[in-house]
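Asks: mmCIF, C-alpha atoms and all ligand atoms, saved as coords09.cif, coming up:
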```cif
data_run
loop_
_atom_site.label_atom_id
_atom_site.label_comp_id
_atom_site.auth_asym_id
_atom_site.auth_seq_id
_atom_site.Cartn_x
_atom_site.Cartn_y
_atom_site.Cartn_z
CA MET S 1 -18.17 -17.19 -14.08
CA LYS S 2 -14.44 -17.52 -14.88
CA THR S 3 -11.90 -14.99 -13.65
CA ILE S 4 -9.21 -13.51 -15.80
CA ILE S 5 -6.37 -11.44 -14.31
CA PHE S 6 -4.62 -8.58 -16.11
CA SER S 7 -1.42 -6.95 -14.93
CA PHE S 8 -0.74 -3.27 -15.35
CA PRO S 9 2.93 -2.47 -16.02
CA GLY S 10 5.04 -3.04 -12.89
CA ASN S 11 2.59 -5.55 -11.36
CA GLU S 12 3.68 -8.63 -13.33
CA ASP S 13 5.30 -10.46 -10.43
CA LEU S 14 2.25 -10.19 -8.16
CA THR S 15 -0.13 -11.00 -11.02
CA GLU S 16 1.77 -14.18 -11.86
CA LYS S 17 1.58 -15.29 -8.22
CA LEU S 18 -2.14 -14.53 -8.03
CA CYS S 19 -2.86 -16.49 -11.23
CA LYS S 20 -1.06 -19.50 -9.75
CA GLU S 21 -2.64 -19.19 -6.31
CA ILE S 22 -6.24 -18.97 -7.52
CA ASN S 23 -5.73 -20.91 -10.72
CA ALA S 24 -6.93 -18.05 -12.93
CA GLU S 25 -6.14 -17.23 -16.53
CA SER S 26 -3.59 -14.49 -17.14
CA GLY S 27 -5.03 -11.92 -19.56
CA GLN S 28 -3.12 -10.37 -22.43
CA ALA S 29 -3.44 -6.68 -23.21
CA GLU S 30 -1.69 -3.93 -25.06
CA ILE S 31 -1.42 -0.73 -23.09
CA ARG S 32 0.99 1.85 -24.45
CA ARG S 33 1.38 5.49 -25.33
CA PHE S 34 1.16 7.05 -28.76
CA PRO S 35 4.11 9.31 -29.63
CA ASP S 36 2.00 12.33 -28.61
CA GLY S 37 1.54 10.90 -25.12
CA GLU S 38 -2.07 9.77 -25.54
CA ASN S 39 -2.95 6.29 -24.37
CA TYR S 40 -3.61 3.20 -26.53
CA THR S 41 -5.47 0.30 -24.98
CA ARG S 42 -6.47 -3.07 -26.41
CA VAL S 43 -7.70 -6.20 -24.71
CA LEU S 44 -6.25 -9.26 -26.49
CA THR S 45 -7.85 -12.03 -24.43
CA ASP S 46 -11.57 -12.72 -24.82
CA VAL S 47 -13.25 -11.28 -21.71
CA GLN S 48 -16.83 -11.94 -22.83
CA GLY S 49 -18.79 -13.23 -19.83
CA LYS S 50 -15.75 -13.30 -17.54
CA ASN S 51 -14.99 -11.39 -14.37
CA VAL S 52 -11.91 -9.28 -14.82
CA VAL S 53 -9.30 -8.55 -12.16
CA LEU S 54 -7.02 -5.58 -12.86
CA VAL S 55 -3.83 -5.59 -10.79
CA CYS S 56 -2.54 -2.03 -10.56
CA THR S 57 -0.88 -0.72 -7.44
CA LEU S 58 -1.53 3.00 -7.20
CA ASN S 59 1.72 4.71 -6.30
CA ASN S 60 2.31 7.53 -8.84
CA PRO S 61 -1.47 7.47 -9.30
CA ASP S 62 -1.91 10.38 -11.68
CA GLU S 63 -0.12 8.65 -14.55
CA LYS S 64 -1.94 5.35 -13.93
CA LEU S 65 -5.51 6.52 -13.54
CA LEU S 66 -6.42 7.30 -17.14
CA PRO S 67 -4.95 4.07 -18.61
CA LEU S 68 -6.79 2.15 -15.88
CA TYR S 69 -10.06 3.89 -16.70
CA PHE S 70 -9.66 3.27 -20.44
CA PHE S 71 -8.81 -0.37 -19.89
CA ALA S 72 -11.73 -0.99 -17.52
CA LYS S 73 -14.11 0.64 -20.03
CA THR S 74 -12.60 -1.42 -22.87
CA CYS S 75 -13.16 -4.65 -20.91
CA LYS S 76 -16.77 -3.71 -20.17
CA GLU S 77 -17.44 -2.85 -23.81
CA ASN S 78 -16.01 -6.21 -24.79
CA GLY S 79 -18.49 -8.04 -22.60
CA ALA S 80 -16.68 -8.44 -19.26
CA GLY S 81 -18.71 -9.11 -16.12
CA LYS S 82 -17.43 -7.51 -12.91
CA ILE S 83 -14.30 -5.35 -12.87
CA VAL S 84 -12.31 -6.02 -9.69
CA LEU S 85 -9.48 -3.58 -9.06
CA VAL S 86 -6.62 -5.00 -6.99
CA ALA S 87 -4.64 -1.94 -5.88
CA PRO S 88 -2.36 -3.21 -3.08
CA TYR S 89 -1.34 0.39 -2.41
CA LEU S 90 -4.23 2.83 -2.48
CA ALA S 91 -3.21 6.43 -3.18
CA TYR S 92 -4.67 9.73 -2.03
CA MET S 93 -5.73 8.43 1.38
CA ARG S 94 -3.76 11.05 3.32
CA GLN S 95 -5.66 14.08 1.97
CA ASP S 96 -8.65 13.15 4.09
CA LYS S 97 -9.73 16.59 5.31
CA GLN S 98 -9.44 20.24 4.48
CA PHE S 99 -6.35 21.20 6.48
CA ASN S 100 -6.34 24.75 5.07
CA LYS S 101 -9.15 26.83 3.59
CA GLY S 102 -9.62 26.17 -0.12
CA GLU S 103 -7.90 22.76 -0.20
CA GLY S 104 -9.43 19.80 -2.01
CA VAL S 105 -10.25 16.66 -0.03
CA THR S 106 -8.74 14.56 -2.80
CA SER S 107 -9.24 11.18 -1.11
CA LYS S 108 -12.98 11.68 -1.67
CA TYR S 109 -12.64 12.72 -5.30
CA PHE S 110 -10.26 9.86 -6.04
CA ALA S 111 -12.66 7.40 -4.39
CA SER S 112 -15.54 8.71 -6.40
CA LEU S 113 -13.58 8.34 -9.67
CA LEU S 114 -12.52 4.74 -8.97
CA SER S 115 -16.04 3.87 -7.81
CA SER S 116 -17.41 5.11 -11.13
CA PHE S 117 -15.69 2.51 -13.31
CA CYS S 118 -14.75 -0.43 -11.03
CA ASP S 119 -17.22 -2.79 -9.35
CA VAL S 120 -15.03 -3.99 -6.46
CA LEU S 121 -11.82 -2.71 -4.87
CA ILE S 122 -9.30 -4.82 -2.95
CA THR S 123 -6.41 -3.10 -1.19
CA VAL S 124 -3.92 -3.64 1.63
CA ASP S 125 -3.67 -1.44 4.75
CA PRO S 126 -5.12 1.76 3.30
CA HIS S 127 -4.22 4.89 5.30
CA LEU S 128 -7.49 5.12 7.22
CA HIS S 129 -7.01 7.92 9.67
CA ARG S 130 -9.93 10.29 9.74
CA PHE S 131 -12.19 7.90 7.79
CA ASN S 132 -13.26 4.78 9.68
CA SER S 133 -13.52 2.58 6.65
CA LEU S 134 -13.27 2.74 2.88
CA SER S 135 -17.05 2.65 2.65
CA ASP S 136 -17.05 6.22 4.05
CA ILE S 137 -15.80 7.37 0.64
CA TYR S 138 -16.07 4.40 -1.78
CA THR S 139 -19.52 3.57 -3.12
CA ILE S 140 -18.45 0.12 -4.41
CA PRO S 141 -17.62 -2.86 -2.16
CA ALA S 142 -14.07 -2.04 -0.99
CA TYR S 143 -12.04 -4.56 0.99
CA SER S 144 -9.09 -3.59 3.23
CA LEU S 145 -6.71 -6.47 3.86
CA HIS S 146 -4.19 -6.38 6.70
CA SER S 147 -0.53 -7.27 6.61
CA ALA S 148 0.02 -7.16 10.42
CA ASP S 149 0.26 -10.96 10.88
CA LEU S 150 2.68 -11.29 7.96
CA ILE S 151 4.88 -8.50 9.35
CA ALA S 152 4.73 -10.05 12.83
CA ASP S 153 5.76 -13.40 11.37
CA TYR S 154 8.75 -11.74 9.65
CA ILE S 155 9.81 -10.07 12.91
CA HIS S 156 9.37 -13.31 14.86
CA LYS S 157 11.57 -15.24 12.42
CA ASN S 158 14.26 -12.61 11.77
CA ILE S 159 14.66 -10.14 14.65
CA GLU S 160 15.86 -10.98 18.14
CA ASN S 161 14.38 -9.27 21.19
CA PRO S 162 12.42 -6.59 19.28
CA VAL S 163 10.72 -3.48 20.64
CA LEU S 164 8.31 -2.04 18.10
CA ILE S 165 8.12 1.71 17.63
CA GLY S 166 5.45 3.70 15.82
CA PRO S 167 6.69 7.15 14.78
CA ASP S 168 3.34 8.91 15.25
CA SER S 169 -0.16 8.43 16.64
CA GLU S 170 -1.45 7.47 13.17
CA SER S 171 0.91 4.48 13.13
CA LYS S 172 -0.58 3.11 16.37
CA GLN S 173 -3.19 1.10 14.49
CA TRP S 174 -0.44 -0.81 12.61
CA VAL S 175 2.22 -1.03 15.28
CA SER S 176 -0.17 -2.21 18.02
CA LYS S 177 -1.58 -5.01 15.84
CA VAL S 178 1.88 -6.16 14.76
CA ALA S 179 3.17 -6.02 18.35
CA GLU S 180 0.24 -8.07 19.61
CA SER S 181 0.72 -10.67 16.93
CA ALA S 182 4.54 -10.75 17.42
CA ASN S 183 4.11 -10.78 21.21
CA ALA S 184 6.54 -7.86 21.55
CA PRO S 185 6.39 -4.55 23.48
CA TYR S 186 5.68 -1.32 21.60
CA LEU S 187 5.94 2.46 21.94
CA VAL S 188 4.22 5.18 19.95
CA LEU S 189 5.93 8.56 19.49
CA GLU S 190 4.55 11.99 18.69
CA LYS S 191 5.21 13.60 15.31
CA ILE S 192 4.77 17.20 14.21
CA ARG S 193 4.92 17.78 10.47
CA HIS S 194 6.05 21.26 9.46
CA GLY S 195 6.29 20.52 5.72
CA ASP S 196 6.63 17.66 3.19
CA LYS S 197 10.24 17.01 4.24
CA ASP S 198 10.29 18.77 7.60
CA VAL S 199 9.24 16.43 10.38
CA GLU S 200 9.80 16.61 14.15
CA VAL S 201 9.50 13.48 16.29
CA SER S 202 9.27 13.38 20.10
CA VAL S 203 12.28 12.07 22.08
CA PRO S 204 11.30 8.55 23.04
CA GLN S 205 11.44 7.13 26.58
CA VAL S 206 13.57 4.18 25.65
CA GLU S 207 15.83 3.65 28.70
CA LYS S 208 14.40 0.24 29.56
CA TYR S 209 14.70 -1.03 25.97
CA LYS S 210 18.43 -0.48 25.45
CA THR S 211 19.12 -4.19 25.03
CA HIS S 212 16.25 -4.59 22.54
CA THR S 213 16.36 -4.20 18.76
CA PRO S 214 14.20 -1.20 17.81
CA VAL S 215 11.85 -1.97 14.93
CA LEU S 216 10.10 1.05 13.42
CA VAL S 217 6.74 0.16 11.89
CA ASP S 218 4.69 2.50 9.69
CA ASP S 219 2.28 2.10 6.81
CA ILE S 220 3.96 4.32 4.22
CA ILE S 221 7.61 5.26 3.67
CA SER S 222 7.48 8.15 1.21
CA THR S 223 10.22 10.80 1.61
CA GLY S 224 11.53 8.68 4.52
CA HIS S 225 11.77 11.76 6.76
CA THR S 226 9.43 10.38 9.42
CA MET S 227 11.61 7.27 9.76
CA MET S 228 14.90 9.21 9.42
CA GLU S 229 14.00 11.58 12.27
CA THR S 230 12.98 8.64 14.45
CA VAL S 231 16.16 6.68 13.65
CA LYS S 232 18.28 9.70 14.58
CA HIS S 233 16.53 10.10 17.94
CA LEU S 234 16.86 6.43 18.78
CA LEU S 235 20.58 6.36 17.96
CA LYS S 236 21.12 9.54 19.99
CA ALA S 237 19.34 7.89 22.91
CA GLY S 238 21.88 5.04 22.77
CA MET S 239 19.64 2.41 21.13
CA LYS S 240 20.88 -0.18 18.63
CA ALA S 241 20.57 0.66 14.92
CA PRO S 242 16.84 0.27 14.14
CA VAL S 243 15.21 -1.96 11.54
CA CYS S 244 12.62 0.03 9.55
CA ILE S 245 9.52 -1.79 8.35
CA GLY S 246 7.00 -0.13 6.04
CA VAL S 247 3.93 -1.72 4.48
CA HIS S 248 4.12 0.42 1.33
CA ALA S 249 7.49 1.09 -0.35
CA VAL S 250 6.58 4.44 -1.92
CA PHE S 251 10.18 5.81 -1.60
CA THR S 252 10.26 9.12 -3.44
CA GLY S 253 13.63 10.22 -4.89
CA ASN S 254 16.56 8.74 -2.92
CA ALA S 255 14.52 8.08 0.23
CA TYR S 256 15.66 4.46 0.50
CA GLU S 257 19.37 5.31 0.33
CA GLU S 258 18.95 8.32 2.63
CA LEU S 259 17.20 6.23 5.27
CA LEU S 260 20.04 3.69 5.23
CA ALA S 261 22.55 6.55 5.44
CA ALA S 262 20.64 7.95 8.45
CA GLY S 263 21.47 4.75 10.35
CA ALA S 264 18.73 2.18 9.70
CA SER S 265 20.30 -1.28 9.93
CA ALA S 266 17.80 -2.66 7.40
CA ILE S 267 14.70 -1.51 5.52
CA ILE S 268 12.00 -4.10 5.02
CA THR S 269 8.71 -3.71 3.13
CA THR S 270 5.85 -5.81 1.84
CA ASN S 271 5.43 -6.20 -1.91
CA THR S 272 2.36 -3.96 -2.26
CA ILE S 273 4.72 -1.85 -4.40
CA PHE S 274 7.54 -3.65 -6.21
CA HIS S 275 10.89 -2.56 -4.67
CA LYS S 276 14.26 -4.07 -3.72
CA SER S 277 13.30 -3.80 -0.01
CA ASN S 278 10.35 -6.22 -0.46
CA LYS S 279 10.78 -9.14 1.94
CA ILE S 280 7.21 -9.74 3.09
CA GLU S 281 4.92 -11.47 0.60
CA ILE S 282 1.28 -10.30 0.53
CA SER S 283 -0.03 -12.23 -2.51
CA VAL S 284 -1.60 -14.85 -0.22
CA LEU S 285 -3.84 -12.18 1.39
CA ILE S 286 -5.12 -11.02 -2.00
CA ALA S 287 -5.53 -14.54 -3.34
CA ASP S 288 -7.73 -15.41 -0.32
CA ALA S 289 -9.85 -12.30 -0.88
CA LEU S 290 -10.30 -13.16 -4.57
CA LEU S 291 -11.27 -16.74 -3.74
CA LYS S 292 -13.84 -15.49 -1.21
CA LEU S 293 -15.29 -13.16 -3.84
CA GLU S 294 -15.55 -16.02 -6.32
CA LYS S 295 -17.38 -18.14 -3.75
CA GLU S 296 -19.82 -15.32 -2.94
CA LYS S 297 -20.80 -15.14 -6.60
CA HIS S 298 -21.89 -18.80 -6.70
C1 LIG J 301 1.45 9.47 7.63
O1 LIG J 301 0.86 9.71 8.64
C2 LIG J 301 1.96 8.11 7.29
O2 LIG J 301 1.52 7.16 8.21
C3 LIG J 301 3.48 8.07 7.20
O3 LIG J 301 4.04 8.31 8.48
C4 LIG J 301 3.98 9.11 6.25
O4 LIG J 301 3.27 9.07 5.05
C5 LIG J 301 5.45 8.93 5.97
O5 LIG J 301 5.85 9.92 5.09
P1 LIG J 301 7.36 10.32 4.89
O6 LIG J 301 8.11 9.05 4.59
O7 LIG J 301 7.35 11.27 3.73
O8 LIG J 301 7.82 10.98 6.15
#
```
Is it possible to give me this structure as structure tokens?
Replies:
Amino acid sequence: MKTIIFSFPGNEDLTEKLCKEINAESGQAEIRRFPDGENYTRVLTDVQGKNVVLVCTLNNPDEKLLPLYFFAKTCKENGAGKIVLVAPYLAYMRQDKQFNKGEGVTSKYFASLLSSFCDVLITVDPHLHRFNSLSDIYTIPAYSLHSADLIADYIHKNIENPVLIGPDSESKQWVSKVAESANAPYLVLEKIRHGDKDVEVSVPQVEKYKTHTPVLVDDIISTGHTMMETVKHLLKAGMKAPVCIGVHAVFTGNAYEELLAAGASAIITTNTIFHKSNKIEISVLIADALLKLEKEKH
């Protein structure tokens, strides 16, 4: 069965690369809003009997979910085979338990919604903290791809004498893998979050790494406060200006500029979310996963 790849707005660059890498047809669609804000969706390429890949990274998920749902349903009604959602950044993974009485565990509800209209999910480094794997909450086959080797390769080629630093225990899973692959030492700090933008990070024991280049590694940079706090501590401790590496360039408001102003020497991200800080290319990971899926079907 042939594969046809559609890009949701903002995912054109990645979609073009994927089409080239797996030699797939690029699908044409019209997705827009009526003047009253309702959504219009039309599939222009014939999807009859074809597997459909929808490329839609899920930062700002609330505004993307309904158009995605409508488009997936439209493809199915027009005869498409499997609907594969490629969401390099998967949203709502951090609300993975009831922290306070009465709160919604939205990662579960979001998973259940996506599972109801997609047949397969492919994502990159989802924030798996209290869940062991996506299959804990997704009822469709859901593949987590890992960017650690690509990040390690970037560090190896561009940063001299690095020491990797994870800002909190949750980041250990990423920083330890990258450090192993880059053959570099690493430290993991302790973080206490008092509020969305109020973060406290432990003072690191960095004496023996003063000649190294600190490289902060985390999965998500959102408000940037986790990284900003860590940068401030490292500079105060007499370290060189740190390089900040995030897998997902969420960057709310002026987070990118504020992190640079806080003293980061550079901010580097992968292109799971299109942003000027993207320097690490992940299309090859997704292309491999799509090719494997195609092979499984035969
Ligand atoms: C949370 O545990 C994540 O791994 C990140 O550390 C967090 O999402 C970063 O958020 P912010 O940039 O808003 O501090």
Asks: So which one's closest to S:Asp196, S:Thr213, S:Ser107, S:Thr252, S:Ser171? Using all atoms listed in the file, please.
Replies: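 When distances to S:Asp196 are compared using all atoms listed in the file, the smallest one comes from S:Thr252.
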Asks: List every protein, DNA or RNA residue that has at least one atom no more than 10 Å from (3.7, -1.1, 22.7) in the file's coordinates, counting all atoms listed in the file, and write the result as a ChimeraX atom specification.
Replies: /S:163-166,172,175-180,183-188
Asks: Record the distance separating atom CA of S:Pro242 and atom CA of S:Glu281, expressed in Å with one decimal.
Replies: 21.5 Å
Asks: Calculate how many Å separate atom CA of S:Leu44 from atom CA of S:Thr57, rounding to one decimal.
Replies: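 So the two atoms, atom CA of S:Leu44 and atom CA of S:Thr57, lie 21.6 Å apart.
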Asks: What residues of the protein or nucleic acid chains come within 6 Å of ligand LIG 301 (chain J) when you use all atoms listed in the file? Reply as number ranges by chain.
Replies: S: 170-171, 218-226
Asks: Next, the residues of the selection above should be written as a PDB file, keeping the file's coordinate frame with C-alpha atoms.
Replies:
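Everything below was put into out_35.pdb:
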```
ATOM      1  CA  GLU S 170      -1.450   7.470  13.170  1.00  0.00           C
ATOM      2  CA  SER S 171       0.910   4.480  13.130  1.00  0.00           C
ATOM      3  CA  ASP S 218       4.690   2.500   9.690  1.00  0.00           C
ATOM      4  CA  ASP S 219       2.280   2.100   6.810  1.00  0.00           C
ATOM      5  CA  ILE S 220       3.960   4.320   4.220  1.00  0.00           C
ATOM      6  CA  ILE S 221       7.610   5.260   3.670  1.00  0.00           C
ATOM      7  CA  SER S 222       7.480   8.150   1.210  1.00  0.00           C
ATOM      8  CA  THR S 223      10.220  10.800   1.610  1.00  0.00           C
ATOM      9  CA  GLY S 224      11.530   8.680   4.520  1.00  0.00           C
ATOM     10  CA  HIS S 225      11.770  11.760   6.760  1.00  0.00           C
ATOM     11  CA  THR S 226       9.430  10.380   9.420  1.00  0.00           C
TER      12      THR S 226
END
```
Asks: As an exercise, work out the distance from atom CA of S:Pro214 to atom CA of S:Ile282 in Å and give it to one decimal place.
Replies: 23.4 Å
Asks: Counting only C-alpha atoms, figure out which residue out of S:Ser202, S:Leu216, S:Phe251, S:Ala261 gets nearest to S:Ala237.
Replies: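 Looking only at the distances to S:Ala237, the closest residue turns out to be S:Ser202.
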Asks: Quick one: residues within 12 Å of (14.1, 10.8, 10.7) (file frame), counting all atoms listed in the file, please, as a ChimeraX atom specification.
Replies: /S:167-168,191-193,197-203,216,221-236,242,244,255,258-264
Asks: Let's have the selection written as a tab-separated table (two decimals), in the frame of the given file, with C-alpha atoms.
Replies:
```
chain	number	residue	atom	x	y	z
S	167	PRO	CA	6.69	7.15	14.78
S	168	ASP	CA	3.34	8.91	15.25
S	191	LYS	CA	5.21	13.60	15.31
S	192	ILE	CA	4.77	17.20	14.21
S	193	ARG	CA	4.92	17.78	10.47
S	197	LYS	CA	10.24	17.01	4.24
S	198	ASP	CA	10.29	18.77	7.60
S	199	VAL	CA	9.24	16.43	10.38
S	200	GLU	CA	9.80	16.61	14.15
S	201	VAL	CA	9.50	13.48	16.29
S	202	SER	CA	9.27	13.38	20.10
S	203	VAL	CA	12.28	12.07	22.08
S	216	LEU	CA	10.10	1.05	13.42
S	221	ILE	CA	7.61	5.26	3.67
S	222	SER	CA	7.48	8.15	1.21
S	223	THR	CA	10.22	10.80	1.61
S	224	GLY	CA	11.53	8.68	4.52
S	225	HIS	CA	11.77	11.76	6.76
S	226	THR	CA	9.43	10.38	9.42
S	227	MET	CA	11.61	7.27	9.76
S	228	MET	CA	14.90	9.21	9.42
S	229	GLU	CA	14.00	11.58	12.27
S	230	THR	CA	12.98	8.64	14.45
S	231	VAL	CA	16.16	6.68	13.65
S	232	LYS	CA	18.28	9.70	14.58
S	233	HIS	CA	16.53	10.10	17.94
S	234	LEU	CA	16.86	6.43	18.78
S	235	LEU	CA	20.58	6.36	17.96
S	236	LYS	CA	21.12	9.54	19.99
S	242	PRO	CA	16.84	0.27	14.14
S	244	CYS	CA	12.62	0.03	9.55
S	255	ALA	CA	14.52	8.08	0.23
S	258	GLU	CA	18.95	8.32	2.63
S	259	LEU	CA	17.20	6.23	5.27
S	260	LEU	CA	20.04	3.69	5.23
S	261	ALA	CA	22.55	6.55	5.44
S	262	ALA	CA	20.64	7.95	8.45
S	263	GLY	CA	21.47	4.75	10.35
S	264	ALA	CA	18.73	2.18	9.70
```
Asks: Contacts of S:Cys118 at 9 Å or less, counting only C-alpha atoms, minus same-chain residues fewer than 6 places along, as a PyMOL selection string?
Replies: chain S and resi 69+72+82-85+140
Asks: Counting all atoms listed in the file, figure out which residue out of S:Leu150, S:Leu113, S:Val206, S:Ile273 gets nearest to S:Glu12.
Replies: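 So, comparing all the options, the nearest one is S:Ile273.
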Asks: Find the residue from S:Glu160, S:Glu38, S:Asp153, S:Asp13 that sits nearest to S:Val243; use only C-alpha atoms when measuring.
Replies: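 Among the listed residues, the smallest separation from S:Val243 belongs to S:Glu160.
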Asks: Excluding S:Ile31 and its own-chain neighbours fewer than 6 positions away, which residues fall within 8 Å of it when counting all atoms listed in the file? Please give them as a list in words.
Replies: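 In the requested format, the answer is Asn39, Tyr40, Thr41, Arg42 and Pro67 of chain S.
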Asks: Using only C-alpha atoms, pick whichever of S:Thr123, S:Gly104, S:Ser283, S:Ala182 has the shortest atom-to-atom distance to S:Ile159.
Replies: S:Ala182
